[in-house]
>>> print(open('entry_36.pdb').read())   # PDB, C-alpha atoms and all ligand atoms
ATOM      1  CA  MET Y 284       0.000   0.000   0.000  1.00  0.00           C
ATOM      2  CA  HIS Y 285       1.279   3.483  -0.913  1.00  0.00           C
ATOM      3  CA  LEU Y 286      -0.221   6.452   0.895  1.00  0.00           C
ATOM      4  CA  ILE Y 287       0.418  10.167   0.904  1.00  0.00           C
ATOM      5  CA  LEU Y 288      -0.309  12.203   4.018  1.00  0.00           C
ATOM      6  CA  LEU Y 289      -1.023  15.780   3.041  1.00  0.00           C
ATOM      7  CA  GLY Y 290      -1.526  18.655   5.429  1.00  0.00           C
ATOM      8  CA  ALA Y 291       0.072  21.812   6.736  1.00  0.00           C
ATOM      9  CA  PRO Y 292       3.194  21.511   8.876  1.00  0.00           C
ATOM     10  CA  GLY Y 293       1.984  20.611  12.361  1.00  0.00           C
ATOM     11  CA  ALA Y 294      -1.280  19.070  11.134  1.00  0.00           C
ATOM     12  CA  GLY Y 295      -0.303  15.754  12.723  1.00  0.00           C
ATOM     13  CA  LYS Y 296       1.107  13.893   9.708  1.00  0.00           C
ATOM     14  CA  GLY Y 297       4.071  12.604  11.696  1.00  0.00           C
ATOM     15  CA  THR Y 298       1.994  11.198  14.554  1.00  0.00           C
ATOM     16  CA  GLN Y 299      -0.680   9.661  12.343  1.00  0.00           C
ATOM     17  CA  GLY Y 300       1.941   8.414   9.878  1.00  0.00           C
ATOM     18  CA  SER Y 301       3.958   6.574  12.537  1.00  0.00           C
ATOM     19  CA  GLN Y 302       0.870   4.812  13.868  1.00  0.00           C
ATOM     20  CA  LEU Y 303      -0.320   3.889  10.380  1.00  0.00           C
ATOM     21  CA  ALA Y 304       3.134   2.585   9.512  1.00  0.00           C
ATOM     22  CA  GLU Y 305       3.036   0.290  12.506  1.00  0.00           C
ATOM     23  CA  THR Y 306      -0.502  -0.935  11.867  1.00  0.00           C
ATOM     24  CA  LEU Y 307       0.006  -1.462   8.150  1.00  0.00           C
ATOM     25  CA  GLY Y 308       3.532  -2.869   8.436  1.00  0.00           C
ATOM     26  CA  ILE Y 309       5.087  -0.490   5.933  1.00  0.00           C
ATOM     27  CA  PRO Y 310       7.660   2.239   6.562  1.00  0.00           C
ATOM     28  CA  LYS Y 311       6.914   5.924   6.905  1.00  0.00           C
ATOM     29  CA  ILE Y 312       9.075   7.982   4.575  1.00  0.00           C
ATOM     30  CA  ALA Y 313       9.236  11.414   6.199  1.00  0.00           C
ATOM     31  CA  THR Y 314      11.533  13.663   4.177  1.00  0.00           C
ATOM     32  CA  GLY Y 315      11.673  16.240   7.008  1.00  0.00           C
ATOM     33  CA  ASP Y 316      12.889  13.561   9.471  1.00  0.00           C
ATOM     34  CA  ILE Y 317      15.530  12.319   7.011  1.00  0.00           C
ATOM     35  CA  LEU Y 318      16.757  15.893   6.515  1.00  0.00           C
ATOM     36  CA  ARG Y 319      16.854  16.646  10.261  1.00  0.00           C
ATOM     37  CA  THR Y 320      18.947  13.517  10.860  1.00  0.00           C
ATOM     38  CA  ALA Y 321      21.356  14.640   8.128  1.00  0.00           C
ATOM     39  CA  VAL Y 322      21.615  18.109   9.697  1.00  0.00           C
ATOM     40  CA  ARG Y 323      22.294  16.597  13.121  1.00  0.00           C
ATOM     41  CA  GLU Y 324      24.965  14.304  11.711  1.00  0.00           C
ATOM     42  CA  GLY Y 325      26.539  17.152   9.731  1.00  0.00           C
ATOM     43  CA  THR Y 326      26.580  15.248   6.427  1.00  0.00           C
ATOM     44  CA  ASP Y 327      26.853  16.941   2.992  1.00  0.00           C
ATOM     45  CA  LEU Y 328      23.114  16.578   2.624  1.00  0.00           C
ATOM     46  CA  GLY Y 329      22.561  18.203   6.013  1.00  0.00           C
ATOM     47  CA  ARG Y 330      24.799  21.132   5.101  1.00  0.00           C
ATOM     48  CA  LYS Y 331      22.897  21.625   1.843  1.00  0.00           C
ATOM     49  CA  ALA Y 332      19.485  21.453   3.531  1.00  0.00           C
ATOM     50  CA  GLN Y 333      19.915  23.370   6.780  1.00  0.00           C
ATOM     51  CA  GLU Y 334      19.686  26.912   5.472  1.00  0.00           C
ATOM     52  CA  TYR Y 335      16.437  26.220   3.643  1.00  0.00           C
ATOM     53  CA  MET Y 336      14.943  24.420   6.624  1.00  0.00           C
ATOM     54  CA  ASP Y 337      15.793  27.088   9.185  1.00  0.00           C
ATOM     55  CA  ALA Y 338      14.198  29.693   6.908  1.00  0.00           C
ATOM     56  CA  GLY Y 339      11.072  27.561   6.431  1.00  0.00           C
ATOM     57  CA  GLU Y 340      11.747  27.245   2.688  1.00  0.00           C
ATOM     58  CA  LEU Y 341      11.541  24.087   0.624  1.00  0.00           C
ATOM     59  CA  VAL Y 342      14.767  22.178   0.027  1.00  0.00           C
ATOM     60  CA  PRO Y 343      15.470  21.839  -3.745  1.00  0.00           C
ATOM     61  CA  ASP Y 344      13.499  19.083  -5.470  1.00  0.00           C
ATOM     62  CA  GLU Y 345      16.501  17.136  -6.759  1.00  0.00           C
ATOM     63  CA  VAL Y 346      17.821  16.684  -3.215  1.00  0.00           C
ATOM     64  CA  ILE Y 347      14.443  15.428  -2.006  1.00  0.00           C
ATOM     65  CA  LEU Y 348      13.901  13.071  -4.940  1.00  0.00           C
ATOM     66  CA  GLY Y 349      17.246  11.421  -4.287  1.00  0.00           C
ATOM     67  CA  LEU Y 350      16.186  10.726  -0.700  1.00  0.00           C
ATOM     68  CA  VAL Y 351      12.835   9.300  -1.729  1.00  0.00           C
ATOM     69  CA  ARG Y 352      14.339   6.998  -4.355  1.00  0.00           C
ATOM     70  CA  GLU Y 353      16.810   5.722  -1.781  1.00  0.00           C
ATOM     71  CA  ALA Y 354      14.120   5.144   0.854  1.00  0.00           C
ATOM     72  CA  LEU Y 355      11.887   3.271  -1.597  1.00  0.00           C
ATOM     73  CA  ALA Y 356      14.784   1.034  -2.606  1.00  0.00           C
ATOM     74  CA  ASN Y 357      14.968  -0.295   0.964  1.00  0.00           C
ATOM     75  CA  GLU Y 358      13.819  -3.842   1.441  1.00  0.00           C
ATOM     76  CA  GLU Y 359      11.303  -2.771   4.086  1.00  0.00           C
ATOM     77  CA  ALA Y 360       9.508  -0.588   1.505  1.00  0.00           C
ATOM     78  CA  ARG Y 361       8.910  -3.425  -0.957  1.00  0.00           C
ATOM     79  CA  ARG Y 362       5.221  -3.643   0.007  1.00  0.00           C
ATOM     80  CA  GLY Y 363       4.639   0.083   0.159  1.00  0.00           C
ATOM     81  CA  ALA Y 364       5.229   3.235   2.150  1.00  0.00           C
ATOM     82  CA  ILE Y 365       3.562   6.182   3.801  1.00  0.00           C
ATOM     83  CA  PHE Y 366       4.817   9.498   2.496  1.00  0.00           C
ATOM     84  CA  ASP Y 367       4.852  12.204   5.163  1.00  0.00           C
ATOM     85  CA  GLY Y 368       5.897  15.694   4.069  1.00  0.00           C
ATOM     86  CA  PHE Y 369       6.386  14.580   0.479  1.00  0.00           C
ATOM     87  CA  PRO Y 370       5.376  15.561  -2.183  1.00  0.00           C
ATOM     88  CA  ARG Y 371       5.448  19.270  -1.297  1.00  0.00           C
ATOM     89  CA  ASN Y 372       4.728  20.769  -4.734  1.00  0.00           C
ATOM     90  CA  VAL Y 373       3.335  19.734  -8.117  1.00  0.00           C
ATOM     91  CA  SER Y 374       6.743  19.013  -9.583  1.00  0.00           C
ATOM     92  CA  GLN Y 375       7.534  16.565  -6.737  1.00  0.00           C
ATOM     93  CA  ALA Y 376       4.112  14.945  -7.237  1.00  0.00           C
ATOM     94  CA  GLU Y 377       4.841  14.401 -10.933  1.00  0.00           C
ATOM     95  CA  SER Y 378       8.239  12.928 -10.119  1.00  0.00           C
ATOM     96  CA  LEU Y 379       6.686  10.652  -7.505  1.00  0.00           C
ATOM     97  CA  GLY Y 380       4.206   9.440 -10.127  1.00  0.00           C
ATOM     98  CA  LYS Y 381       7.123   8.503 -12.408  1.00  0.00           C
ATOM     99  CA  ILE Y 382       9.164   6.872  -9.629  1.00  0.00           C
ATOM    100  CA  LEU Y 383       6.190   4.727  -8.578  1.00  0.00           C
ATOM    101  CA  GLU Y 384       5.363   3.773 -12.137  1.00  0.00           C
ATOM    102  CA  GLU Y 385       8.952   2.773 -12.882  1.00  0.00           C
ATOM    103  CA  GLY Y 386       8.878   0.524  -9.834  1.00  0.00           C
ATOM    104  CA  GLY Y 387       5.548  -1.058 -10.837  1.00  0.00           C
ATOM    105  CA  ARG Y 388       3.919   0.643  -7.859  1.00  0.00           C
ATOM    106  CA  ALA Y 389       0.769   2.748  -7.545  1.00  0.00           C
ATOM    107  CA  LEU Y 390      -0.762   5.159  -5.069  1.00  0.00           C
ATOM    108  CA  ASP Y 391      -3.676   3.768  -3.041  1.00  0.00           C
ATOM    109  CA  ALA Y 392      -4.874   6.920  -1.301  1.00  0.00           C
ATOM    110  CA  VAL Y 393      -4.110  10.504  -0.405  1.00  0.00           C
ATOM    111  CA  ILE Y 394      -5.140  11.442   3.135  1.00  0.00           C
ATOM    112  CA  VAL Y 395      -5.596  15.164   3.773  1.00  0.00           C
ATOM    113  CA  LEU Y 396      -5.440  16.352   7.386  1.00  0.00           C
ATOM    114  CA  ASP Y 397      -7.429  19.585   7.646  1.00  0.00           C
ATOM    115  CA  VAL Y 398      -6.385  21.893  10.498  1.00  0.00           C
ATOM    116  CA  PRO Y 399      -7.038  25.673  10.746  1.00  0.00           C
ATOM    117  CA  ASP Y 400      -3.953  27.942  10.626  1.00  0.00           C
ATOM    118  CA  GLU Y 401      -4.360  29.326  14.154  1.00  0.00           C
ATOM    119  CA  VAL Y 402      -4.446  25.808  15.618  1.00  0.00           C
ATOM    120  CA  ILE Y 403      -1.279  25.005  13.669  1.00  0.00           C
ATOM    121  CA  VAL Y 404       0.559  28.035  15.051  1.00  0.00           C
ATOM    122  CA  GLU Y 405      -0.431  27.129  18.616  1.00  0.00           C
ATOM    123  CA  ARG Y 406       0.544  23.474  18.136  1.00  0.00           C
ATOM    124  CA  MET Y 407       3.904  24.176  16.558  1.00  0.00           C
ATOM    125  CA  SER Y 408       5.137  27.064  18.619  1.00  0.00           C
ATOM    126  CA  GLY Y 409       4.563  24.931  21.761  1.00  0.00           C
ATOM    127  CA  ARG Y 410       6.247  21.846  20.317  1.00  0.00           C
ATOM    128  CA  ARG Y 411       9.433  20.624  22.029  1.00  0.00           C
ATOM    129  CA  THR Y 412      11.700  17.663  21.324  1.00  0.00           C
ATOM    130  CA  ASP Y 413      13.717  15.657  23.822  1.00  0.00           C
ATOM    131  CA  PRO Y 414      17.190  15.414  22.218  1.00  0.00           C
ATOM    132  CA  VAL Y 415      17.902  12.265  24.246  1.00  0.00           C
ATOM    133  CA  SER Y 416      14.833  10.133  23.441  1.00  0.00           C
ATOM    134  CA  GLY Y 417      13.627  11.889  20.283  1.00  0.00           C
ATOM    135  CA  GLU Y 418      10.135  12.122  21.852  1.00  0.00           C
ATOM    136  CA  VAL Y 419       8.026  15.101  20.814  1.00  0.00           C
ATOM    137  CA  TYR Y 420       6.021  17.019  23.449  1.00  0.00           C
ATOM    138  CA  HIS Y 421       3.872  20.133  23.674  1.00  0.00           C
ATOM    139  CA  ILE Y 422       4.284  22.592  26.533  1.00  0.00           C
ATOM    140  CA  LYS Y 423       0.499  22.860  26.953  1.00  0.00           C
ATOM    141  CA  PHE Y 424      -1.130  19.753  25.457  1.00  0.00           C
ATOM    142  CA  ASN Y 425       1.444  17.049  26.226  1.00  0.00           C
ATOM    143  CA  PRO Y 426       4.078  18.396  28.644  1.00  0.00           C
ATOM    144  CA  PRO Y 427       7.405  16.554  28.938  1.00  0.00           C
ATOM    145  CA  PRO Y 428       7.961  14.406  32.048  1.00  0.00           C
ATOM    146  CA  PRO Y 429      10.004  16.084  34.835  1.00  0.00           C
ATOM    147  CA  GLU Y 430      13.259  14.299  33.906  1.00  0.00           C
ATOM    148  CA  ALA Y 431      13.075  15.659  30.353  1.00  0.00           C
ATOM    149  CA  ALA Y 432      11.621  19.099  31.110  1.00  0.00           C
ATOM    150  CA  ASP Y 433      14.995  20.862  31.351  1.00  0.00           C
ATOM    151  CA  ARG Y 434      16.498  19.401  28.226  1.00  0.00           C
ATOM    152  CA  VAL Y 435      13.674  19.670  25.681  1.00  0.00           C
ATOM    153  CA  VAL Y 436      14.416  21.973  22.755  1.00  0.00           C
ATOM    154  CA  GLN Y 437      12.427  23.846  20.154  1.00  0.00           C
ATOM    155  CA  ARG Y 438      13.079  23.081  16.486  1.00  0.00           C
ATOM    156  CA  PRO Y 439      14.492  26.289  14.941  1.00  0.00           C
ATOM    157  CA  ASP Y 440      11.756  26.171  12.309  1.00  0.00           C
ATOM    158  CA  ASP Y 441       8.995  25.902  14.946  1.00  0.00           C
ATOM    159  CA  ARG Y 442       9.438  29.533  16.017  1.00  0.00           C
ATOM    160  CA  GLU Y 443       6.219  31.454  15.442  1.00  0.00           C
ATOM    161  CA  GLU Y 444       7.513  33.673  12.645  1.00  0.00           C
ATOM    162  CA  THR Y 445       8.969  30.716  10.751  1.00  0.00           C
ATOM    163  CA  VAL Y 446       5.797  28.685  11.316  1.00  0.00           C
ATOM    164  CA  ARG Y 447       3.774  31.468   9.669  1.00  0.00           C
ATOM    165  CA  HIS Y 448       6.158  31.467   6.720  1.00  0.00           C
ATOM    166  CA  ARG Y 449       5.942  27.650   6.434  1.00  0.00           C
ATOM    167  CA  LEU Y 450       2.146  27.999   6.338  1.00  0.00           C
ATOM    168  CA  GLU Y 451       2.440  30.444   3.433  1.00  0.00           C
ATOM    169  CA  VAL Y 452       4.714  28.026   1.604  1.00  0.00           C
ATOM    170  CA  TYR Y 453       2.173  25.260   2.298  1.00  0.00           C
ATOM    171  CA  THR Y 454      -0.744  27.324   0.964  1.00  0.00           C
ATOM    172  CA  GLU Y 455       1.128  28.385  -2.154  1.00  0.00           C
ATOM    173  CA  GLN Y 456       2.981  25.239  -3.099  1.00  0.00           C
ATOM    174  CA  THR Y 457       1.550  22.197  -1.308  1.00  0.00           C
ATOM    175  CA  ALA Y 458      -2.199  22.816  -0.909  1.00  0.00           C
ATOM    176  CA  PRO Y 459      -2.670  22.811  -4.730  1.00  0.00           C
ATOM    177  CA  LEU Y 460      -1.804  19.102  -4.568  1.00  0.00           C
ATOM    178  CA  ILE Y 461      -5.267  18.415  -3.129  1.00  0.00           C
ATOM    179  CA  ALA Y 462      -6.866  19.540  -6.404  1.00  0.00           C
ATOM    180  CA  TYR Y 463      -4.065  17.825  -8.339  1.00  0.00           C
ATOM    181  CA  TYR Y 464      -4.901  14.438  -6.827  1.00  0.00           C
ATOM    182  CA  GLU Y 465      -8.658  15.039  -6.944  1.00  0.00           C
ATOM    183  CA  GLU Y 466      -8.320  15.183 -10.721  1.00  0.00           C
ATOM    184  CA  ARG Y 467      -6.624  11.794 -10.754  1.00  0.00           C
ATOM    185  CA  PRO Y 468      -8.011   8.300 -10.179  1.00  0.00           C
ATOM    186  CA  VAL Y 469      -6.548   7.976  -6.643  1.00  0.00           C
ATOM    187  CA  PRO Y 470      -9.046   8.402  -3.742  1.00  0.00           C
ATOM    188  CA  VAL Y 471      -8.515  11.620  -1.766  1.00  0.00           C
ATOM    189  CA  GLU Y 472      -9.789  11.333   1.823  1.00  0.00           C
ATOM    190  CA  ARG Y 473     -10.171  14.570   3.786  1.00  0.00           C
ATOM    191  CA  VAL Y 474     -10.262  14.205   7.568  1.00  0.00           C
ATOM    192  CA  GLU Y 475     -10.600  16.667  10.465  1.00  0.00           C
ATOM    193  CA  GLY Y 476      -7.070  16.933  11.849  1.00  0.00           C
ATOM    194  CA  THR Y 477      -8.293  18.544  15.074  1.00  0.00           C
ATOM    195  CA  ARG Y 478      -9.887  15.339  16.346  1.00  0.00           C
ATOM    196  CA  PRO Y 479      -8.175  13.381  19.154  1.00  0.00           C
ATOM    197  CA  ILE Y 480      -5.202  11.366  17.915  1.00  0.00           C
ATOM    198  CA  ALA Y 481      -6.664   7.859  18.457  1.00  0.00           C
ATOM    199  CA  GLU Y 482     -10.049   8.772  17.010  1.00  0.00           C
ATOM    200  CA  LEU Y 483      -8.435  10.270  13.937  1.00  0.00           C
ATOM    201  CA  GLN Y 484      -6.312   7.164  13.441  1.00  0.00           C
ATOM    202  CA  GLU Y 485      -9.451   5.006  13.506  1.00  0.00           C
ATOM    203  CA  GLU Y 486     -11.145   7.309  11.019  1.00  0.00           C
ATOM    204  CA  ILE Y 487      -8.208   7.083   8.614  1.00  0.00           C
ATOM    205  CA  LEU Y 488      -8.075   3.292   8.883  1.00  0.00           C
ATOM    206  CA  SER Y 489     -11.810   3.018   8.263  1.00  0.00           C
ATOM    207  CA  ARG Y 490     -11.523   5.229   5.156  1.00  0.00           C
ATOM    208  CA  LEU Y 491      -8.727   2.969   3.897  1.00  0.00           C
ATOM    209  CA  ARG Y 492     -10.880  -0.123   4.385  1.00  0.00           C
ATOM    210  CA  ARG Y 493     -13.710   1.250   2.250  1.00  0.00           C
TER
HETATM  211  P1  LIG I 501       8.647  18.774   7.893  1.00  0.00           P
HETATM  212  O1  LIG I 501       9.208  18.091   9.074  1.00  0.00           O
HETATM  213  O2  LIG I 501       7.995  17.838   6.902  1.00  0.00           O
HETATM  214  O3  LIG I 501       7.740  19.922   8.238  1.00  0.00           O
HETATM  215  O4  LIG I 501       9.897  19.396   7.095  1.00  0.00           O
HETATM  216  C1  LIG I 501      10.760  20.338   7.679  1.00  0.00           C
HETATM  217  C2  LIG I 501      11.493  21.110   6.606  1.00  0.00           C
HETATM  218  O5  LIG I 501      12.251  20.198   5.792  1.00  0.00           O
HETATM  219  C3  LIG I 501      10.610  21.855   5.613  1.00  0.00           C
HETATM  220  O6  LIG I 501      10.216  23.134   6.090  1.00  0.00           O
HETATM  221  C4  LIG I 501      11.523  21.940   4.394  1.00  0.00           C
HETATM  222  O7  LIG I 501      12.532  22.921   4.582  1.00  0.00           O
HETATM  223  C5  LIG I 501      12.211  20.598   4.426  1.00  0.00           C
HETATM  224  N1  LIG I 501      11.441  19.566   3.674  1.00  0.00           N
HETATM  225  C6  LIG I 501      10.863  18.442   4.177  1.00  0.00           C
HETATM  226  N2  LIG I 501      10.258  17.733   3.206  1.00  0.00           N
HETATM  227  C7  LIG I 501      10.444  18.438   2.057  1.00  0.00           C
HETATM  228  C8  LIG I 501      10.070  18.241   0.694  1.00  0.00           C
HETATM  229  N3  LIG I 501       9.339  17.176   0.309  1.00  0.00           N
HETATM  230  N4  LIG I 501      10.448  19.182  -0.207  1.00  0.00           N
HETATM  231  C9  LIG I 501      11.180  20.253   0.139  1.00  0.00           C
HETATM  232  N5  LIG I 501      11.572  20.499   1.398  1.00  0.00           N
HETATM  233  C10 LIG I 501      11.215  19.605   2.351  1.00  0.00           C
END
>>> encode(input="entry_36.pdb", output="structure tokens")
Amino acid sequence: MHLILLGAPGAGKGTQGSQLAETLGIPKIATGDILRTAVREGTDLGRKAQEYMDAGELVPDEVILGLVREALANEEARRGAIFDGFPRNVSQAESLGKILEEGGRALDAVIVLDVPDEVIVERMSGRRTDPVSGEVYHIKFNPPPPEAADRVVQRPDDREETVRHRLEVYTEQTAPLIAYYEERPVPVERVEGTRPIAELQEEILSRLRR
């Protein structure tokens, strides 16, 4: 099964994608996660990507496509994958179409997580990561446990100003993909991203079973 999770940054693609990956037994390919690991490890890729990421801009398509091809070539992705944060614009969507076709693969569904902008800003500007465990918390909705409270950090691109810029980039470049896929044979399932995490997961799974 090949799924795309579409939605603004902070809509919950990462959380829903990880749970779906576990339930469906296919990997989540999250281009943002791959890039952040590269930045942390200081690789060539990380050096190329960091400036764009910190500014809330998209990393150039050719860099991203290389990552996706590599991730799909992994043995664990032979039965499919969940794309989180990719494609981000029409050109990436067209390339994904070609990559899948070349591999004899096809898209099964596009899931759109709808969340209003103001909710996104509140969610993201309160988001904190524990550099030790990698766990993601929220200062208001899901506070870190006492032992992690002093070491959690904010992603540079989760600062309010950058979040607002990322939302603009989403509206201009990524949101048009909803119409793009609606014009194609793949089912596009729109879900309310503000619902509780477990309930939303159930909703997505039930849409996939239809
Ligand atoms: P994310 O964690 O998906 O919100 O991604 C964080 C940042 O990584 C984005 O703001 C972009 O700078 C970069 N990024 C992630 N995925 C892509 C992509 N498919 N195309 C271009 N840039 C991306």
>>> resolve_selection(input="entry_36.pdb", expression="the PyMOL selection byres (((chain Y and resi 315-322) around 9) and not hetatm)", output="list in words")
Ile312, Ala313, Thr314, Arg323, Glu324, Gly325, Thr326, Asp327, Leu328, Gly329, Arg330, Lys331, Ala332, Gln333, Met336, Ile347, Leu350, Asp367, Gly368 and Phe369 of chain Y
>>> resolve_selection(input="entry_36.pdb", expression="the PyMOL selection byres (((not hetatm)) within 10 of (chain I and resi 501))", output="PDB file with C-alpha atoms, keeping the file's coordinate frame")
ATOM      1  CA  GLY Y 290      -1.526  18.655   5.429  1.00  0.00           C
ATOM      2  CA  ALA Y 291       0.072  21.812   6.736  1.00  0.00           C
ATOM      3  CA  PRO Y 292       3.194  21.511   8.876  1.00  0.00           C
ATOM      4  CA  GLY Y 293       1.984  20.611  12.361  1.00  0.00           C
ATOM      5  CA  ALA Y 294      -1.280  19.070  11.134  1.00  0.00           C
ATOM      6  CA  LYS Y 296       1.107  13.893   9.708  1.00  0.00           C
ATOM      7  CA  GLY Y 297       4.071  12.604  11.696  1.00  0.00           C
ATOM      8  CA  ILE Y 312       9.075   7.982   4.575  1.00  0.00           C
ATOM      9  CA  ALA Y 313       9.236  11.414   6.199  1.00  0.00           C
ATOM     10  CA  THR Y 314      11.533  13.663   4.177  1.00  0.00           C
ATOM     11  CA  GLY Y 315      11.673  16.240   7.008  1.00  0.00           C
ATOM     12  CA  ASP Y 316      12.889  13.561   9.471  1.00  0.00           C
ATOM     13  CA  ILE Y 317      15.530  12.319   7.011  1.00  0.00           C
ATOM     14  CA  LEU Y 318      16.757  15.893   6.515  1.00  0.00           C
ATOM     15  CA  ARG Y 319      16.854  16.646  10.261  1.00  0.00           C
ATOM     16  CA  ALA Y 332      19.485  21.453   3.531  1.00  0.00           C
ATOM     17  CA  GLN Y 333      19.915  23.370   6.780  1.00  0.00           C
ATOM     18  CA  GLU Y 334      19.686  26.912   5.472  1.00  0.00           C
ATOM     19  CA  TYR Y 335      16.437  26.220   3.643  1.00  0.00           C
ATOM     20  CA  MET Y 336      14.943  24.420   6.624  1.00  0.00           C
ATOM     21  CA  ASP Y 337      15.793  27.088   9.185  1.00  0.00           C
ATOM     22  CA  ALA Y 338      14.198  29.693   6.908  1.00  0.00           C
ATOM     23  CA  GLY Y 339      11.072  27.561   6.431  1.00  0.00           C
ATOM     24  CA  GLU Y 340      11.747  27.245   2.688  1.00  0.00           C
ATOM     25  CA  LEU Y 341      11.541  24.087   0.624  1.00  0.00           C
ATOM     26  CA  VAL Y 342      14.767  22.178   0.027  1.00  0.00           C
ATOM     27  CA  PRO Y 343      15.470  21.839  -3.745  1.00  0.00           C
ATOM     28  CA  ASP Y 344      13.499  19.083  -5.470  1.00  0.00           C
ATOM     29  CA  GLU Y 345      16.501  17.136  -6.759  1.00  0.00           C
ATOM     30  CA  VAL Y 346      17.821  16.684  -3.215  1.00  0.00           C
ATOM     31  CA  ILE Y 347      14.443  15.428  -2.006  1.00  0.00           C
ATOM     32  CA  LEU Y 348      13.901  13.071  -4.940  1.00  0.00           C
ATOM     33  CA  LEU Y 350      16.186  10.726  -0.700  1.00  0.00           C
ATOM     34  CA  VAL Y 351      12.835   9.300  -1.729  1.00  0.00           C
ATOM     35  CA  PHE Y 366       4.817   9.498   2.496  1.00  0.00           C
ATOM     36  CA  ASP Y 367       4.852  12.204   5.163  1.00  0.00           C
ATOM     37  CA  GLY Y 368       5.897  15.694   4.069  1.00  0.00           C
ATOM     38  CA  PHE Y 369       6.386  14.580   0.479  1.00  0.00           C
ATOM     39  CA  PRO Y 370       5.376  15.561  -2.183  1.00  0.00           C
ATOM     40  CA  ARG Y 371       5.448  19.270  -1.297  1.00  0.00           C
ATOM     41  CA  ASN Y 372       4.728  20.769  -4.734  1.00  0.00           C
ATOM     42  CA  GLN Y 375       7.534  16.565  -6.737  1.00  0.00           C
ATOM     43  CA  ALA Y 376       4.112  14.945  -7.237  1.00  0.00           C
ATOM     44  CA  ARG Y 438      13.079  23.081  16.486  1.00  0.00           C
ATOM     45  CA  ASP Y 440      11.756  26.171  12.309  1.00  0.00           C
ATOM     46  CA  ASP Y 441       8.995  25.902  14.946  1.00  0.00           C
ATOM     47  CA  THR Y 445       8.969  30.716  10.751  1.00  0.00           C
ATOM     48  CA  VAL Y 446       5.797  28.685  11.316  1.00  0.00           C
ATOM     49  CA  HIS Y 448       6.158  31.467   6.720  1.00  0.00           C
ATOM     50  CA  ARG Y 449       5.942  27.650   6.434  1.00  0.00           C
ATOM     51  CA  LEU Y 450       2.146  27.999   6.338  1.00  0.00           C
ATOM     52  CA  VAL Y 452       4.714  28.026   1.604  1.00  0.00           C
ATOM     53  CA  TYR Y 453       2.173  25.260   2.298  1.00  0.00           C
ATOM     54  CA  THR Y 457       1.550  22.197  -1.308  1.00  0.00           C
TER      55      THR Y 457
END
>>> atom_distance(input="entry_36.pdb", atom1="CA of Arg442 (chain Y)", atom2="CA of Arg410 (chain Y)")
9.4 Å
>>> resolve_selection(input="entry_36.pdb", expression="the PyMOL selection byres (((chain Y and resi 484) around 12) and not hetatm)", output="PyMOL selection string")
chain Y and resi 295-307+394+396+474-483+485-491
>>> write_last_selection(input="entry_36.pdb", atoms="C-alpha atoms", output="compact mmCIF listing (two decimals), keeping the file's coordinate frame")
# COMPACT_ATOMS: atom_id res chain seq x y z
CA GLY Y 295 -0.30 15.75 12.72
CA LYS Y 296 1.11 13.89 9.71
CA GLY Y 297 4.07 12.60 11.70
CA THR Y 298 1.99 11.20 14.55
CA GLN Y 299 -0.68 9.66 12.34
CA GLY Y 300 1.94 8.41 9.88
CA SER Y 301 3.96 6.57 12.54
CA GLN Y 302 0.87 4.81 13.87
CA LEU Y 303 -0.32 3.89 10.38
CA ALA Y 304 3.13 2.58 9.51
CA GLU Y 305 3.04 0.29 12.51
CA THR Y 306 -0.50 -0.94 11.87
CA LEU Y 307 0.01 -1.46 8.15
CA ILE Y 394 -5.14 11.44 3.14
CA LEU Y 396 -5.44 16.35 7.39
CA VAL Y 474 -10.26 14.20 7.57
CA GLU Y 475 -10.60 16.67 10.46
CA GLY Y 476 -7.07 16.93 11.85
CA THR Y 477 -8.29 18.54 15.07
CA ARG Y 478 -9.89 15.34 16.35
CA PRO Y 479 -8.18 13.38 19.15
CA ILE Y 480 -5.20 11.37 17.92
CA ALA Y 481 -6.66 7.86 18.46
CA GLU Y 482 -10.05 8.77 17.01
CA LEU Y 483 -8.44 10.27 13.94
CA GLU Y 485 -9.45 5.01 13.51
CA GLU Y 486 -11.14 7.31 11.02
CA ILE Y 487 -8.21 7.08 8.61
CA LEU Y 488 -8.07 3.29 8.88
CA SER Y 489 -11.81 3.02 8.26
CA ARG Y 490 -11.52 5.23 5.16
CA LEU Y 491 -8.73 2.97 3.90
>>> closest_residue(input="entry_36.pdb", among="Y:Asn357, Y:Gln437, Y:Gln456, Y:Thr412", to="Ser374 (chain Y)", atoms="all atoms listed in the file")
Y:Gln456
>>> closest_residue(input="entry_36.pdb", among="Y:Ala432, Y:Val415, Y:Ile309, Y:Leu355", to="Glu385 (chain Y)", atoms="only C-alpha atoms")
Y:Leu355
>>> residues_around(input="entry_36.pdb", residues="Ala389 (chain Y)", least_positions_apart="2", cutoff="10 Å", atoms="all atoms listed in the file", output="PDB file with C-alpha atoms, in the frame of the given file")
ATOM      1  CA  MET Y 284       0.000   0.000   0.000  1.00  0.00           C
ATOM      2  CA  HIS Y 285       1.279   3.483  -0.913  1.00  0.00           C
ATOM      3  CA  LEU Y 286      -0.221   6.452   0.895  1.00  0.00           C
ATOM      4  CA  GLY Y 363       4.639   0.083   0.159  1.00  0.00           C
ATOM      5  CA  LEU Y 379       6.686  10.652  -7.505  1.00  0.00           C
ATOM      6  CA  GLY Y 380       4.206   9.440 -10.127  1.00  0.00           C
ATOM      7  CA  LYS Y 381       7.123   8.503 -12.408  1.00  0.00           C
ATOM      8  CA  ILE Y 382       9.164   6.872  -9.629  1.00  0.00           C
ATOM      9  CA  LEU Y 383       6.190   4.727  -8.578  1.00  0.00           C
ATOM     10  CA  GLU Y 384       5.363   3.773 -12.137  1.00  0.00           C
ATOM     11  CA  GLU Y 385       8.952   2.773 -12.882  1.00  0.00           C
ATOM     12  CA  GLY Y 386       8.878   0.524  -9.834  1.00  0.00           C
ATOM     13  CA  GLY Y 387       5.548  -1.058 -10.837  1.00  0.00           C
ATOM     14  CA  ASP Y 391      -3.676   3.768  -3.041  1.00  0.00           C
ATOM     15  CA  ALA Y 392      -4.874   6.920  -1.301  1.00  0.00           C
ATOM     16  CA  VAL Y 469      -6.548   7.976  -6.643  1.00  0.00           C
TER      17      VAL Y 469
END
